[in-house]
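Below is final-v5.cif, holding mmCIF, C-alpha atoms.
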```
data_coords
#
loop_
_atom_site.label_atom_id
_atom_site.label_comp_id
_atom_site.auth_asym_id
_atom_site.auth_seq_id
_atom_site.Cartn_x
_atom_site.Cartn_y
_atom_site.Cartn_z
CA PRO A 1 15.11 41.58 30.45
CA ASN A 2 13.22 44.70 29.53
CA LEU A 3 10.36 44.03 27.17
CA GLN A 4 9.40 46.36 24.37
CA LYS A 5 5.82 47.03 23.35
CA ASN A 6 4.76 45.50 20.04
CA VAL A 7 7.80 43.21 19.98
CA PHE A 8 7.53 39.45 20.44
CA GLN A 9 10.69 38.18 22.09
CA THR A 10 12.01 34.65 21.82
CA PHE A 11 14.78 34.59 24.34
CA HIS A 12 17.63 32.19 23.78
CA THR A 13 19.68 32.68 26.94
CA TYR A 14 19.59 34.78 30.09
CA ILE A 15 23.08 34.88 31.49
CA ILE A 16 24.00 36.29 34.87
CA THR A 17 27.38 36.72 36.53
CA VAL A 18 27.58 35.43 40.08
CA ASN A 19 30.01 34.48 42.78
CA ARG A 20 30.04 30.80 43.80
CA ARG A 21 28.50 29.87 40.46
CA ASP A 22 28.99 26.11 40.72
CA GLU A 23 27.48 26.02 44.21
CA LEU A 24 24.50 28.06 43.03
CA LYS A 25 24.03 25.75 40.05
CA LYS A 26 23.90 22.70 42.35
CA PHE A 27 21.54 24.47 44.76
CA LEU A 28 19.13 25.38 41.97
CA GLN A 29 19.33 21.88 40.53
CA LYS A 30 18.14 20.49 43.88
CA LYS A 31 15.20 22.90 43.61
CA LYS A 32 14.45 21.49 40.13
CA ILE A 33 15.54 24.72 38.42
CA SER A 34 17.68 23.88 35.43
CA THR A 35 20.62 26.09 34.59
CA ALA A 36 23.53 25.81 32.18
CA ILE A 37 27.02 27.05 31.60
CA HIS A 38 26.96 27.86 27.90
CA TYR A 39 30.44 29.32 27.74
CA PRO A 40 32.64 27.23 30.04
CA LYS A 41 35.89 28.18 28.31
CA LEU A 42 37.28 31.23 26.60
CA ILE A 43 37.46 30.83 22.83
CA PHE A 44 41.23 30.44 22.81
CA ASP A 45 40.98 27.67 25.43
CA GLN A 46 38.59 25.55 23.36
CA ASN A 47 40.13 22.58 21.57
CA ALA A 48 38.92 23.70 18.14
CA TYR A 49 40.82 26.98 18.45
CA LYS A 50 43.86 26.08 20.56
CA GLU A 51 46.25 25.79 17.60
CA LYS A 52 45.04 29.01 16.03
CA PHE A 53 45.17 31.03 19.25
CA ASN A 54 47.98 29.32 21.15
CA ILE A 55 50.11 32.46 20.99
CA ILE A 56 47.57 34.59 22.88
CA ASN A 57 48.72 35.93 26.21
CA LYS A 58 45.78 35.18 28.49
CA LYS A 59 46.94 37.91 30.87
CA LYS A 60 45.76 40.43 28.26
CA PHE A 61 42.16 39.30 28.88
CA PRO A 62 41.71 39.57 32.66
CA VAL A 63 38.01 40.46 32.53
CA ALA A 64 37.09 37.57 30.23
CA SER A 65 39.25 35.21 32.27
CA ARG A 66 37.44 36.24 35.45
CA LEU A 67 33.91 36.22 33.99
CA VAL A 68 34.18 32.79 32.37
CA LYS A 69 34.17 31.35 35.89
CA LYS A 70 31.12 33.37 36.97
CA ILE A 71 28.54 33.13 34.19
CA LEU A 72 25.42 31.05 34.62
CA THR A 73 22.50 30.71 32.23
CA LEU A 74 19.08 30.83 33.86
CA PRO A 75 15.91 29.36 32.39
CA ILE A 76 14.14 31.76 30.05
CA ASN A 77 11.44 31.39 27.46
CA GLN A 78 8.12 32.91 26.53
CA PHE A 79 6.20 30.21 28.41
CA LEU A 80 7.60 30.88 31.90
CA SER A 81 4.93 32.33 34.14
CA LYS A 82 5.54 35.32 36.34
CA LEU A 83 5.24 32.97 39.34
CA GLU A 84 7.97 30.69 37.96
CA ILE A 85 10.26 33.64 37.32
CA GLU A 86 9.66 34.94 40.85
CA ASN A 87 10.42 31.48 42.23
CA ILE A 88 13.76 31.37 40.41
CA CYS A 89 14.63 34.81 41.76
CA ASP A 90 13.55 33.88 45.29
CA GLU A 91 15.67 30.72 45.28
CA ILE A 92 18.73 32.67 44.14
CA LYS A 93 18.15 35.18 46.94
CA LYS A 94 17.80 32.33 49.44
CA PHE A 95 21.10 30.85 48.30
CA TYR A 96 22.98 34.09 48.88
CA LYS A 97 21.32 34.78 52.23
CA ARG A 98 22.56 31.51 53.74
#
```
Entire entry expressed as structure tokens:
Amino acid sequence: PNLQKNVFQTFHTYIITVNRRDELKKFLQKKKISTAIHYPKLIFDQNAYKEKFNIINKKKFPVASRLVKKILTLPINQFLSKLEIENICDEIKKFYKR
């Protein structure tokens, strides 16, 4: 993310959208890079909301329905070194070059 001068950031998540998300997640895990899928389901597909939103036509949300299968949370915090960030980026590039 872009950093602003005189602002101390405490990042919570850094989410990217990728093809072959689950494969990339496994690949990074083997490289000891932890990732997460913070939003694995759309809100109206989550058990807590199914009754409330069961009348929703999912076809009205094609972008959300597509993206929910592509989002991946990368490691981010104020303690990651530039070298660690570059390593994460390099490993992602390696995955997509194969």
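Distances here use all atoms listed in the file; by that measure, the residue among A:Ile43, A:Leu74, A:Ala36, A:Ile15 closest to Cys89 of chain A is A:Leu74.
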Selection under test: the PyMOL selection byres ((chain A and resi 14) around 9); residues as number ranges by chain: A: 1, 11-13, 15-16, 72-76
Minimum-distance residue to Tyr96 of chain A, chosen among A:Arg20, A:His38, A:Lys69, A:Lys5 (using all atoms listed in the file): A:Arg20
Selection under test: the PyMOL selection byres ((chain A and resi 64) around 12); residues as a ChimeraX atom specification: /A:17,39-45,58-63,65-71
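Take the candidates A:Asp22, A:Asn57, A:Ile33, A:Tyr49 and check each one against Leu80 of chain A using all atoms listed in the file; the shortest distance goes to A:Ile33.
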Nearest candidate to Phe8 of chain A (options A:Asn77, A:Phe27, A:Leu83, A:Lys97; using all atoms listed in the file): A:Asn77
Please rebuild segment 49-67 of chain A with N, CA, C and O atoms and return the result as a PDB file, in the frame of the given file.
```pdb
ATOM      1  N   TYR A  49      40.081  25.751  18.740  1.00  0.00           N
ATOM      2  CA  TYR A  49      40.820  26.980  18.450  1.00  0.00           C
ATOM      3  C   TYR A  49      42.206  27.026  19.068  1.00  0.00           C
ATOM      4  O   TYR A  49      42.933  27.994  18.868  1.00  0.00           O
ATOM      5  N   LYS A  50      42.589  26.016  19.836  1.00  0.00           N
ATOM      6  CA  LYS A  50      43.860  26.080  20.560  1.00  0.00           C
ATOM      7  C   LYS A  50      45.052  26.318  19.635  1.00  0.00           C
ATOM      8  O   LYS A  50      45.917  27.129  19.937  1.00  0.00           O
ATOM      9  N   GLU A  51      45.118  25.604  18.515  1.00  0.00           N
ATOM     10  CA  GLU A  51      46.250  25.790  17.600  1.00  0.00           C
ATOM     11  C   GLU A  51      46.281  27.200  17.036  1.00  0.00           C
ATOM     12  O   GLU A  51      47.320  27.833  16.961  1.00  0.00           O
ATOM     13  N   LYS A  52      45.113  27.692  16.647  1.00  0.00           N
ATOM     14  CA  LYS A  52      45.040  29.010  16.030  1.00  0.00           C
ATOM     15  C   LYS A  52      45.405  30.118  17.016  1.00  0.00           C
ATOM     16  O   LYS A  52      46.014  31.110  16.657  1.00  0.00           O
ATOM     17  N   PHE A  53      44.990  29.973  18.271  1.00  0.00           N
ATOM     18  CA  PHE A  53      45.170  31.030  19.250  1.00  0.00           C
ATOM     19  C   PHE A  53      46.214  30.713  20.320  1.00  0.00           C
ATOM     20  O   PHE A  53      46.260  31.379  21.345  1.00  0.00           O
ATOM     21  N   ASN A  54      47.050  29.739  20.097  1.00  0.00           N
ATOM     22  CA  ASN A  54      47.980  29.320  21.150  1.00  0.00           C
ATOM     23  C   ASN A  54      49.020  30.385  21.498  1.00  0.00           C
ATOM     24  O   ASN A  54      49.692  30.276  22.500  1.00  0.00           O
ATOM     25  N   ILE A  55      49.133  31.412  20.695  1.00  0.00           N
ATOM     26  CA  ILE A  55      50.110  32.460  20.990  1.00  0.00           C
ATOM     27  C   ILE A  55      49.509  33.594  21.834  1.00  0.00           C
ATOM     28  O   ILE A  55      50.206  34.512  22.217  1.00  0.00           O
ATOM     29  N   ILE A  56      48.234  33.525  22.119  1.00  0.00           N
ATOM     30  CA  ILE A  56      47.570  34.590  22.880  1.00  0.00           C
ATOM     31  C   ILE A  56      48.043  34.586  24.324  1.00  0.00           C
ATOM     32  O   ILE A  56      48.097  33.557  24.972  1.00  0.00           O
ATOM     33  N   ASN A  57      48.365  35.745  24.806  1.00  0.00           N
ATOM     34  CA  ASN A  57      48.720  35.930  26.210  1.00  0.00           C
ATOM     35  C   ASN A  57      47.436  36.141  26.988  1.00  0.00           C
ATOM     36  O   ASN A  57      46.799  37.186  26.897  1.00  0.00           O
ATOM     37  N   LYS A  58      47.048  35.125  27.763  1.00  0.00           N
ATOM     38  CA  LYS A  58      45.780  35.180  28.490  1.00  0.00           C
ATOM     39  C   LYS A  58      45.746  36.336  29.493  1.00  0.00           C
ATOM     40  O   LYS A  58      44.682  36.803  29.863  1.00  0.00           O
ATOM     41  N   LYS A  59      46.906  36.804  29.908  1.00  0.00           N
ATOM     42  CA  LYS A  59      46.940  37.910  30.870  1.00  0.00           C
ATOM     43  C   LYS A  59      46.405  39.201  30.253  1.00  0.00           C
ATOM     44  O   LYS A  59      46.067  40.127  30.975  1.00  0.00           O
ATOM     45  N   LYS A  60      46.298  39.245  28.930  1.00  0.00           N
ATOM     46  CA  LYS A  60      45.760  40.430  28.260  1.00  0.00           C
ATOM     47  C   LYS A  60      44.238  40.468  28.303  1.00  0.00           C
ATOM     48  O   LYS A  60      43.623  41.422  27.862  1.00  0.00           O
ATOM     49  N   PHE A  61      43.620  39.401  28.825  1.00  0.00           N
ATOM     50  CA  PHE A  61      42.160  39.300  28.880  1.00  0.00           C
ATOM     51  C   PHE A  61      41.696  39.008  30.304  1.00  0.00           C
ATOM     52  O   PHE A  61      41.008  38.024  30.551  1.00  0.00           O
ATOM     53  N   PRO A  62      42.038  39.871  31.265  1.00  0.00           N
ATOM     54  CA  PRO A  62      41.710  39.570  32.660  1.00  0.00           C
ATOM     55  C   PRO A  62      40.200  39.559  32.941  1.00  0.00           C
ATOM     56  O   PRO A  62      39.733  38.762  33.741  1.00  0.00           O
ATOM     57  N   VAL A  63      39.445  40.414  32.283  1.00  0.00           N
ATOM     58  CA  VAL A  63      38.010  40.460  32.530  1.00  0.00           C
ATOM     59  C   VAL A  63      37.349  39.183  32.022  1.00  0.00           C
ATOM     60  O   VAL A  63      36.583  38.533  32.738  1.00  0.00           O
ATOM     61  N   ALA A  64      37.655  38.804  30.795  1.00  0.00           N
ATOM     62  CA  ALA A  64      37.090  37.570  30.230  1.00  0.00           C
ATOM     63  C   ALA A  64      37.512  36.362  31.053  1.00  0.00           C
ATOM     64  O   ALA A  64      36.701  35.471  31.320  1.00  0.00           O
ATOM     65  N   SER A  65      38.755  36.334  31.482  1.00  0.00           N
ATOM     66  CA  SER A  65      39.250  35.210  32.270  1.00  0.00           C
ATOM     67  C   SER A  65      38.541  35.106  33.614  1.00  0.00           C
ATOM     68  O   SER A  65      38.321  34.011  34.123  1.00  0.00           O
ATOM     69  N   ARG A  66      38.159  36.236  34.176  1.00  0.00           N
ATOM     70  CA  ARG A  66      37.440  36.240  35.450  1.00  0.00           C
ATOM     71  C   ARG A  66      35.965  35.868  35.244  1.00  0.00           C
ATOM     72  O   ARG A  66      35.403  35.067  35.971  1.00  0.00           O
ATOM     73  N   LEU A  67      35.344  36.439  34.206  1.00  0.00           N
ATOM     74  CA  LEU A  67      33.910  36.220  33.990  1.00  0.00           C
ATOM     75  C   LEU A  67      33.576  34.809  33.554  1.00  0.00           C
ATOM     76  O   LEU A  67      32.494  34.310  33.868  1.00  0.00           O
TER      77      LEU A  67
END
```
